[in-house]
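Colleague: Below is one structure. I have some questions about it.
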Amino acid sequence: MKRILTLLLICCSTAAMAQMEAAKKIIPDYTHETMLKSSPSKIWRVISNLPQVKDYANGTIKDVQIVTDRDTRYRDITFTDNRKRRDIIDQVHDSYKFFVFSIVSPLPNGVTHATVTALVESMPDKDDMSVVRWSIILEGDKGGRKPLVDTLSAEIGNYEAGLKKLLEQ
């Protein structure tokens, strides 16, 4: 009886594993680390307050509106050059100091999905420093991705400069 149960368990485990899809390794199109002379909790209080992006965007954002529609939160941004963008706020994890948003529109031709993440962490060897790890993950044609990576990496550069002004005074 013990052998039969063991064989049954092995068969069920093998069948379950056969149905599981292999994990897909995701390689970001862009990564950047912003080192800040501030605590992770202080940085997180600023960047997790999603409308406050205007305060640390280094003068590049004119207006931010958070809109909820059927349990989905959107962030509508108007830049100072009058460009507009709509993001879906996918995740905001206070305990992990991590947020994710996906760009809804506009997306360049050939780009099918655009995700930006930010993770705030302490620096293990420096008590007075923290790091914000930014990443951009895009799906679609390589030619269409490059202009968006350039735009978003410049945006992250403005966030970095603005966070330093705001938090390191």
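Chain identifiers are assigned as A, B, and so on, following the order in which chains appear in the structure tokens; residues are numbered from 1 within each chain, and ligands are numbered from 1 in order of appearance.
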With only C-alpha atoms as the counted atoms, please give the residues lying no more than 10 Å from Gly143 in chain A, apart from itself and same-chain residues fewer than 4 positions off, as a PyMOL selection string.
Modeller: chain A and resi 108-111+147-148
Colleague: Pull the closest atom pair for each residue of range 99-163 of chain A that gets at most 8 Å from range 46-55 of chain A, along with the distance in Å to one decimal, counting only C-alpha atoms, ordering rows by chain and then ascending residue number, as a tab-separated table.
Modeller:
residue	atom	partner	partner_atom	distance
A:Phe99	CA	A:Ser48	CA	7.4
A:Tyr159	CA	A:Val53	CA	7.9
A:Gly162	CA	A:Asp55	CA	7.5
Colleague: I need the chosen residues saved as a short mmCIF file (atom, residue, chain, number, x, y, z; two decimals), in the first residue's frame, with C-alpha atoms.
Modeller:
data_model
loop_
_atom_site.label_atom_id
_atom_site.label_comp_id
_atom_site.auth_asym_id
_atom_site.auth_seq_id
_atom_site.Cartn_x
_atom_site.Cartn_y
_atom_site.Cartn_z
CA PHE A 99 5.80 50.03 -7.30
CA TYR A 159 13.13 61.97 -10.98
CA GLY A 162 14.26 66.03 -8.24
#
Colleague: Step one, run DSSP on the backbone; step two, keep only residues of range 34-137 of chain A assigned to helix (DSSP H, G or I); then write them as JSON, numbers by chain.
Modeller: {"A": [40, 41, 42, 43, 44, 45, 46, 47, 50, 51, 52, 53, 54, 55, 56]}
Colleague: Could those selected residues go to a file with all heavy atoms, as a CSV table (one decimal), in the first residue's frame?
Modeller:
chain,number,residue,atom,x,y,z
A,40,PRO,N,15.3,54.7,3.5
A,40,PRO,CA,14.3,54.1,2.6
A,40,PRO,C,12.8,54.5,2.9
A,40,PRO,O,12.1,54.8,2.0
A,40,PRO,CB,14.5,52.6,2.7
A,40,PRO,CG,15.9,52.4,3.3
A,40,PRO,CD,16.1,53.7,4.1
A,41,SER,N,12.5,54.6,4.2
A,41,SER,CA,11.1,54.9,4.5
A,41,SER,C,10.8,56.4,4.1
A,41,SER,O,9.7,56.6,3.6
A,41,SER,CB,10.8,54.7,6.0
A,41,SER,OG,11.7,55.4,6.8
A,42,LYS,N,11.7,57.3,4.2
A,42,LYS,CA,11.5,58.7,3.8
A,42,LYS,C,11.3,58.8,2.3
A,42,LYS,O,10.4,59.4,1.8
A,42,LYS,CB,12.6,59.6,4.3
A,42,LYS,CG,12.4,61.0,4.1
A,42,LYS,CD,13.5,61.9,4.7
A,42,LYS,CE,13.2,63.3,4.5
A,42,LYS,NZ,14.3,64.2,5.0
A,43,ILE,N,12.1,58.1,1.5
A,43,ILE,CA,12.0,58.0,0.1
A,43,ILE,C,10.7,57.4,-0.3
A,43,ILE,O,10.0,57.9,-1.2
A,43,ILE,CB,13.2,57.3,-0.5
A,43,ILE,CG1,14.5,58.0,-0.2
A,43,ILE,CG2,13.1,57.1,-2.1
A,43,ILE,CD1,15.8,57.1,-0.5
A,44,TRP,N,10.4,56.3,0.3
A,44,TRP,CA,9.1,55.6,-0.1
A,44,TRP,C,7.9,56.5,0.2
A,44,TRP,O,7.0,56.5,-0.6
A,44,TRP,CB,9.0,54.3,0.7
A,44,TRP,CG,7.8,53.5,0.3
A,44,TRP,CD1,6.7,53.2,1.1
A,44,TRP,CD2,7.5,53.0,-1.0
A,44,TRP,NE1,5.8,52.6,0.4
A,44,TRP,CE2,6.2,52.4,-0.9
A,44,TRP,CE3,8.1,53.0,-2.2
A,44,TRP,CZ2,5.6,51.8,-2.0
A,44,TRP,CZ3,7.5,52.3,-3.3
A,44,TRP,CH2,6.3,51.8,-3.1
A,45,ARG,N,7.9,57.2,1.3
A,45,ARG,CA,6.8,58.1,1.6
A,45,ARG,C,6.6,59.1,0.4
A,45,ARG,O,5.4,59.4,0.1
A,45,ARG,CB,7.0,58.9,2.9
A,45,ARG,CG,6.5,58.1,4.1
A,45,ARG,CD,6.5,59.0,5.4
A,45,ARG,NE,7.7,59.6,5.7
A,45,ARG,CZ,8.7,59.1,6.5
A,45,ARG,NH1,8.5,57.9,6.9
A,45,ARG,NH2,9.7,59.7,6.8
A,46,VAL,N,7.6,59.5,-0.2
A,46,VAL,CA,7.5,60.5,-1.3
A,46,VAL,C,7.1,59.8,-2.5
A,46,VAL,O,6.1,60.2,-3.2
A,46,VAL,CB,8.9,61.2,-1.5
A,46,VAL,CG1,8.9,62.0,-2.8
A,46,VAL,CG2,9.3,62.1,-0.3
A,47,ILE,N,7.7,58.7,-3.0
A,47,ILE,CA,7.4,58.1,-4.3
A,47,ILE,C,6.2,57.3,-4.3
A,47,ILE,O,5.6,57.1,-5.3
A,47,ILE,CB,8.6,57.4,-4.9
A,47,ILE,CG1,9.0,56.1,-4.2
A,47,ILE,CG2,9.8,58.3,-5.1
A,47,ILE,CD1,10.0,55.3,-5.0
A,50,LEU,N,1.6,58.7,-5.2
A,50,LEU,CA,1.7,58.8,-6.6
A,50,LEU,C,1.5,60.2,-7.2
A,50,LEU,O,2.1,60.6,-8.2
A,50,LEU,CB,0.8,57.8,-7.3
A,50,LEU,CG,1.2,56.3,-6.8
A,50,LEU,CD1,0.2,55.3,-7.4
A,50,LEU,CD2,2.6,56.0,-7.3
A,51,PRO,N,0.5,61.0,-6.7
A,51,PRO,CA,0.4,62.4,-7.3
A,51,PRO,C,1.6,63.2,-7.0
A,51,PRO,O,1.8,64.2,-7.7
A,51,PRO,CB,-0.9,62.9,-6.6
A,51,PRO,CG,-1.6,61.8,-6.0
A,51,PRO,CD,-0.5,60.7,-5.7
A,52,GLN,N,2.4,62.9,-6.0
A,52,GLN,CA,3.6,63.7,-5.6
A,52,GLN,C,4.7,63.6,-6.6
A,52,GLN,O,5.7,64.3,-6.5
A,52,GLN,CB,4.0,63.3,-4.2
A,52,GLN,CG,5.0,64.3,-3.6
A,52,GLN,CD,5.3,64.0,-2.2
A,52,GLN,OE1,4.8,63.1,-1.5
A,52,GLN,NE2,6.2,64.8,-1.6
A,53,VAL,N,4.6,62.8,-7.6
A,53,VAL,CA,5.6,62.7,-8.7
A,53,VAL,C,5.9,64.1,-9.3
A,53,VAL,O,7.0,64.4,-9.6
A,53,VAL,CB,5.2,61.7,-9.8
A,53,VAL,CG1,4.0,62.2,-10.6
A,53,VAL,CG2,6.4,61.4,-10.7
A,54,LYS,N,4.9,64.9,-9.3
A,54,LYS,CA,5.0,66.3,-9.8
A,54,LYS,C,6.1,67.1,-9.0
A,54,LYS,O,6.9,67.8,-9.5
A,54,LYS,CB,3.7,67.0,-9.7
A,54,LYS,CG,3.7,68.4,-10.2
A,54,LYS,CD,2.4,69.1,-10.1
A,54,LYS,CE,2.5,70.6,-10.4
A,54,LYS,NZ,1.2,71.2,-10.2
A,55,ASP,N,6.1,66.8,-7.7
A,55,ASP,CA,7.1,67.5,-6.8
A,55,ASP,C,8.5,67.1,-7.0
A,55,ASP,O,9.4,67.8,-6.6
A,55,ASP,CB,6.7,67.2,-5.3
A,55,ASP,CG,5.3,67.8,-5.0
A,55,ASP,OD1,4.8,68.7,-5.7
A,55,ASP,OD2,4.7,67.3,-4.0
A,56,TYR,N,8.8,65.9,-7.5
A,56,TYR,CA,10.1,65.4,-7.6
A,56,TYR,C,10.5,65.2,-9.1
A,56,TYR,O,11.5,64.6,-9.4
A,56,TYR,CB,10.5,64.2,-6.7
A,56,TYR,CG,9.8,62.9,-7.0
A,56,TYR,CD1,10.3,62.1,-8.0
A,56,TYR,CD2,8.6,62.6,-6.3
A,56,TYR,CE1,9.6,60.9,-8.3
A,56,TYR,CE2,8.0,61.4,-6.6
A,56,TYR,CZ,8.5,60.5,-7.6
A,56,TYR,OH,7.9,59.4,-7.8
Colleague: What does the distance between CA of Ala114 in chain A and CA of Leu152 in chain A come to in Å, to one decimal place?
Modeller: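 A separation of 10.0 Å between them.
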Colleague: Would you pick out the contacts of range 61-69 of chain A at 7 Å or less, using only C-alpha atoms, so that residues sharing its chain but fewer than 3 positions from it are not included, and give the list as a short mmCIF file (atom, residue, chain, number, x, y, z; two decimals) with all heavy atoms, in the first residue's frame?
Modeller:
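Written out: around_20.cif:
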data_model
loop_
_atom_site.label_atom_id
_atom_site.label_comp_id
_atom_site.auth_asym_id
_atom_site.auth_seq_id
_atom_site.Cartn_x
_atom_site.Cartn_y
_atom_site.Cartn_z
N PRO A 51 0.54 61.01 -6.71
CA PRO A 51 0.39 62.36 -7.27
C PRO A 51 1.61 63.25 -7.00
O PRO A 51 1.83 64.22 -7.69
CB PRO A 51 -0.85 62.92 -6.58
CG PRO A 51 -1.57 61.75 -6.02
CD PRO A 51 -0.53 60.71 -5.75
N LYS A 54 4.88 64.93 -9.30
CA LYS A 54 5.05 66.31 -9.79
C LYS A 54 6.10 67.05 -8.96
O LYS A 54 6.87 67.85 -9.50
CB LYS A 54 3.70 67.02 -9.74
CG LYS A 54 3.73 68.44 -10.22
CD LYS A 54 2.36 69.08 -10.11
CE LYS A 54 2.46 70.56 -10.42
NZ LYS A 54 1.20 71.24 -10.16
N ALA A 57 9.70 65.66 -10.02
CA ALA A 57 9.96 65.44 -11.45
C ALA A 57 10.88 66.51 -12.03
O ALA A 57 11.01 66.61 -13.24
CB ALA A 57 8.66 65.38 -12.22
N THR A 72 -9.44 49.69 -11.09
CA THR A 72 -8.15 49.93 -11.73
C THR A 72 -7.79 51.38 -11.50
O THR A 72 -8.59 52.28 -11.75
CB THR A 72 -8.21 49.63 -13.24
OG1 THR A 72 -8.60 48.27 -13.42
CG2 THR A 72 -6.87 49.86 -13.90
N ARG A 73 -6.56 51.60 -11.00
CA ARG A 73 -6.09 52.97 -10.79
C ARG A 73 -5.22 53.39 -11.96
O ARG A 73 -4.33 52.67 -12.38
CB ARG A 73 -5.30 53.08 -9.49
CG ARG A 73 -6.19 52.98 -8.28
CD ARG A 73 -5.49 53.35 -7.00
NE ARG A 73 -4.25 52.61 -6.85
CZ ARG A 73 -3.29 52.93 -5.99
NH1 ARG A 73 -3.43 53.96 -5.20
NH2 ARG A 73 -2.20 52.22 -5.91
N TYR A 74 -5.50 54.58 -12.44
CA TYR A 74 -4.73 55.18 -13.53
C TYR A 74 -4.06 56.44 -13.02
O TYR A 74 -4.56 57.11 -12.11
CB TYR A 74 -5.65 55.57 -14.69
CG TYR A 74 -6.33 54.40 -15.35
CD1 TYR A 74 -7.60 54.00 -14.95
CD2 TYR A 74 -5.71 53.70 -16.38
CE1 TYR A 74 -8.23 52.92 -15.56
CE2 TYR A 74 -6.34 52.62 -16.99
CZ TYR A 74 -7.60 52.24 -16.58
OH TYR A 74 -8.22 51.17 -17.17
N ARG A 75 -2.94 56.76 -13.64
CA ARG A 75 -2.26 58.03 -13.36
C ARG A 75 -2.20 58.78 -14.68
O ARG A 75 -1.56 58.33 -15.62
CB ARG A 75 -0.86 57.76 -12.81
CG ARG A 75 -0.08 58.99 -12.46
CD ARG A 75 1.19 58.68 -11.75
NE ARG A 75 2.14 58.02 -12.64
CZ ARG A 75 3.41 57.79 -12.34
NH1 ARG A 75 3.87 58.13 -11.15
NH2 ARG A 75 4.21 57.20 -13.19
N ASP A 76 -2.91 59.91 -14.75
CA ASP A 76 -2.91 60.76 -15.93
C ASP A 76 -1.92 61.89 -15.70
O ASP A 76 -2.09 62.69 -14.77
CB ASP A 76 -4.31 61.31 -16.21
CG ASP A 76 -5.30 60.22 -16.61
OD1 ASP A 76 -4.86 59.20 -17.19
OD2 ASP A 76 -6.50 60.39 -16.34
N ILE A 77 -0.90 61.95 -16.54
CA ILE A 77 0.18 62.93 -16.38
C ILE A 77 0.15 63.91 -17.55
O ILE A 77 0.02 63.51 -18.71
CB ILE A 77 1.56 62.22 -16.36
CG1 ILE A 77 1.64 61.24 -15.20
CG2 ILE A 77 2.68 63.25 -16.27
CD1 ILE A 77 2.90 60.40 -15.20
N THR A 78 0.29 65.18 -17.22
CA THR A 78 0.51 66.21 -18.24
C THR A 78 1.89 66.78 -17.98
O THR A 78 2.18 67.29 -16.88
CB THR A 78 -0.54 67.34 -18.14
OG1 THR A 78 -1.85 66.76 -18.26
CG2 THR A 78 -0.34 68.37 -19.25
N PHE A 79 2.75 66.68 -18.98
CA PHE A 79 4.12 67.18 -18.87
C PHE A 79 4.14 68.67 -19.19
O PHE A 79 3.21 69.21 -19.79
CB PHE A 79 5.04 66.40 -19.81
CG PHE A 79 5.17 64.95 -19.41
CD1 PHE A 79 4.32 63.98 -19.93
CD2 PHE A 79 6.15 64.54 -18.51
CE1 PHE A 79 4.43 62.66 -19.57
CE2 PHE A 79 6.27 63.22 -18.13
CZ PHE A 79 5.41 62.27 -18.66
N THR A 80 5.22 69.35 -18.82
CA THR A 80 5.30 70.79 -19.05
C THR A 80 5.35 71.15 -20.54
O THR A 80 5.02 72.27 -20.91
CB THR A 80 6.52 71.40 -18.33
OG1 THR A 80 7.69 70.67 -18.69
CG2 THR A 80 6.34 71.39 -16.82
#
Colleague: State, in Å with one decimal place, the distance from CA of Asp29 in chain A to CA of Thr151 in chain A.
Modeller: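 About the pair CA of Asp29 in chain A and CA of Thr151 in chain A: they are 12.4 Å apart.
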